[in-house]
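Worksheet: one structure, shown below.
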Amino acid sequence: MVSLWRLATTVGAAAVFALVLGGSANALTITFDENGNGVLDGVPIKGVLAPDPSVPGHPLALIYNLGDNLVGVGDVNVLEFGSDQNSDWIRFTNADGILSGGSGNLLIFYSACAEVCSALADTGFPSNVGSGTNGGPVTESANGTFQFIAGFNTYNGISDESGGGSVPEPLTLSMFGVGLAGAAALRRRRAKAA
């Protein structure tokens, strides 16, 4: 009976710890770009230009809905590779637009429009950016990608529309894995025959 109680309290404490650090009891992995392409835990999602609930006047912004996944709210500053200049901001909020002291299921991607302004995220930075809870900063790599880790959650951003790559489709990754498995099986079969 004591060991069952100990197990229950350990599992409960771990769940609370995960909620506080990452905002969700389950680890969350999302890859997203500034054109509305994303993958959330292996499932494709689309970001859309929609009214920003966190900015007065509700201008359009690129918003990814994380569904039932709740994360801590606030802003994360993304710095340009090799400099201390702001490249992007990502914001976590809810439908009420809160920026601190709660949780939400919206990821908003803001990008500065320096050269070619064709990406959905190229809306510029809102006047209240950085006014809530802040995470980061994180720095882009040379190819325009960045990663932000909060608790158990991992956010992989693709900022550079000219060369940062694209969000891989789950089917493409699956086909690649099947091909590798087939090649390994063929190699084993040939080794046995020899």
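Naming scheme: A, B, ... for chains in displayed order of the structure tokens; residues 1 onward per chain; ligands 1 onward as shown.
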
Gly130 (chain A) environment, 8 Å, only C-alpha atoms, sequence neighbours closer than 3 positions dropped, as an mmCIF file with C-alpha atoms, in the first residue's frame:
data_model
loop_
_atom_site.group_PDB
_atom_site.id
_atom_site.type_symbol
_atom_site.label_atom_id
_atom_site.label_comp_id
_atom_site.auth_asym_id
_atom_site.auth_seq_id
_atom_site.Cartn_x
_atom_site.Cartn_y
_atom_site.Cartn_z
ATOM 1 C CA GLY A 74 4.920 35.156 -23.415
ATOM 2 C CA ASP A 75 7.354 36.327 -26.101
ATOM 3 C CA VAL A 76 10.633 34.871 -27.380
ATOM 4 C CA ASN A 77 13.147 37.098 -29.167
ATOM 5 C CA THR A 133 6.782 37.183 -19.948
ATOM 6 C CA ASN A 134 9.969 36.825 -22.014
#

Taking the chain letters and numbering used in this document, name the residues of region 10-164 of chain A that DSSP puts in strand (DSSP E), as a ChimeraX atom specification. /A:29-33,37-40,43-46,48-51,60-65,71-72,74-79,86-93,103-104,106-111,134-139,145-150,153-158

For Gly102 (chain A), which of A:Gly132, A:Ile63, A:Thr139, A:Gly47 is the closest residue, counting only C-alpha atoms?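 Closest to Gly102 (chain A) of all the choices is A:Gly132.
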
Extract, using only C-alpha atoms, all DNA, RNA and protein residues at most 6 Å from Ala121 (chain A), discarding same-chain residues fewer than 3 positions from it, and format them as JSON, numbers by chain. {"A": [34, 62, 109, 110, 111]}

Might you pull out every residue within 10 Å of Tyr64 (chain A), with only C-alpha atoms counted and same-chain residues fewer than 3 positions away left off, and present them as a list in words? Phe32, Gly36, Asn37, Gly38, Leu40, Ile45, Lys46, Gly47, Val48, Leu49, Ala50, Ala61, Gly67, Phe92, Asn105, Leu106, Leu107, Ile108 and Phe109 of chain A

Can you spit out the residues from that selection as a JSON list (two decimals), in the first residue's frame, using N, CA and C atoms?
[["chain", "number", "residue", "atom", "x", "y", "z"],
["A", 32, "PHE", "N", 7.88, 24.89, -37.50],
["A", 32, "PHE", "CA", 7.02, 25.86, -38.19],
["A", 32, "PHE", "C", 7.88, 26.83, -38.99],
["A", 36, "GLY", "N", 3.43, 29.59, -42.88],
["A", 36, "GLY", "CA", 2.24, 28.89, -42.42],
["A", 36, "GLY", "C", 2.32, 27.38, -42.49],
["A", 37, "ASN", "N", 3.51, 26.83, -42.74],
["A", 37, "ASN", "CA", 3.68, 25.38, -42.80],
["A", 37, "ASN", "C", 4.21, 24.89, -41.46],
["A", 38, "GLY", "N", 3.57, 23.88, -40.91],
["A", 38, "GLY", "CA", 4.02, 23.38, -39.62],
["A", 38, "GLY", "C", 3.74, 21.91, -39.44],
["A", 40, "LEU", "N", 3.11, 19.45, -35.96],
["A", 40, "LEU", "CA", 2.95, 19.38, -34.52],
["A", 40, "LEU", "C", 2.90, 17.92, -34.12],
["A", 45, "ILE", "N", 0.15, 20.91, -39.57],
["A", 45, "ILE", "CA", -0.77, 21.99, -39.18],
["A", 45, "ILE", "C", -0.49, 23.18, -40.08],
["A", 46, "LYS", "N", -1.47, 24.07, -40.21],
["A", 46, "LYS", "CA", -1.31, 25.26, -41.02],
["A", 46, "LYS", "C", -1.42, 26.49, -40.14],
["A", 47, "GLY", "N", -0.51, 27.42, -40.34],
["A", 47, "GLY", "CA", -0.63, 28.73, -39.73],
["A", 47, "GLY", "C", -1.40, 29.61, -40.70],
["A", 48, "VAL", "N", -2.20, 30.52, -40.17],
["A", 48, "VAL", "CA", -3.02, 31.39, -41.02],
["A", 48, "VAL", "C", -2.87, 32.84, -40.59],
["A", 49, "LEU", "N", -3.09, 33.73, -41.55],
["A", 49, "LEU", "CA", -3.16, 35.15, -41.21],
["A", 49, "LEU", "C", -4.52, 35.38, -40.57],
["A", 50, "ALA", "N", -4.51, 35.81, -39.33],
["A", 50, "ALA", "CA", -5.76, 36.02, -38.59],
["A", 50, "ALA", "C", -5.57, 37.22, -37.66],
["A", 61, "ALA", "N", -1.81, 38.67, -38.23],
["A", 61, "ALA", "CA", -0.52, 38.07, -37.90],
["A", 61, "ALA", "C", -0.60, 36.59, -38.25],
["A", 67, "GLY", "N", -4.09, 23.55, -30.87],
["A", 67, "GLY", "CA", -5.16, 22.64, -30.47],
["A", 67, "GLY", "C", -5.32, 22.56, -28.97],
["A", 92, "PHE", "N", 3.47, 33.29, -27.52],
["A", 92, "PHE", "CA", 2.53, 32.27, -27.09],
["A", 92, "PHE", "C", 1.43, 32.99, -26.30],
["A", 105, "ASN", "N", -2.92, 28.40, -26.30],
["A", 105, "ASN", "CA", -2.69, 27.40, -27.35],
["A", 105, "ASN", "C", -2.44, 28.05, -28.71],
["A", 106, "LEU", "N", -2.01, 29.31, -28.72],
["A", 106, "LEU", "CA", -1.69, 29.99, -29.97],
["A", 106, "LEU", "C", -0.21, 30.33, -30.02],
["A", 107, "LEU", "N", 0.43, 30.03, -31.16],
["A", 107, "LEU", "CA", 1.80, 30.45, -31.43],
["A", 107, "LEU", "C", 1.71, 31.48, -32.54],
["A", 108, "ILE", "N", 2.24, 32.67, -32.31],
["A", 108, "ILE", "CA", 2.21, 33.74, -33.32],
["A", 108, "ILE", "C", 3.65, 34.01, -33.74],
["A", 109, "PHE", "N", 3.87, 34.05, -35.05],
["A", 109, "PHE", "CA", 5.21, 34.24, -35.61],
["A", 109, "PHE", "C", 5.26, 35.62, -36.27]]

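From CA of Asn65 (chain A) back to CA of Gly157 (chain A), the distance works out to 15.1 Å.
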
Pick from A:Asn86, A:Asn69, A:Asn35, A:Val78, whichever lies nearest to Gln147 (chain A) using only C-alpha atoms: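 Comparing A:Asn86, A:Asn69, A:Asn35, A:Val78 against Gln147 (chain A), the winner is A:Val78.
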
Pick from A:Asp88, A:Asp52, A:Asp122, A:Asp41, whichever lies nearest to Gly136 (chain A) using only C-alpha atoms: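 Once distances to Gly136 (chain A) are computed over only C-alpha atoms, the minimum belongs to A:Asp88.
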
Coordinates-based distance that separates CA of Val73 (chain A) from CA of Ala112 (chain A) (Å, one decimal):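 Those two atoms sit 21.3 Å apart.
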
From the options A:Cys113, A:Ile98, A:Leu79, A:Ile30, which residue's atoms come nearest to Glu140 (chain A), counting only C-alpha atoms?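 Closest to Glu140 (chain A) of all the choices is A:Leu79.
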
Just the number, please: distance in Å from CA of Pro51 (chain A) to CA of Ser159 (chain A), one decimal.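 Atom-to-atom, CA of Pro51 (chain A) and CA of Ser159 (chain A) are spaced 21.1 Å apart.
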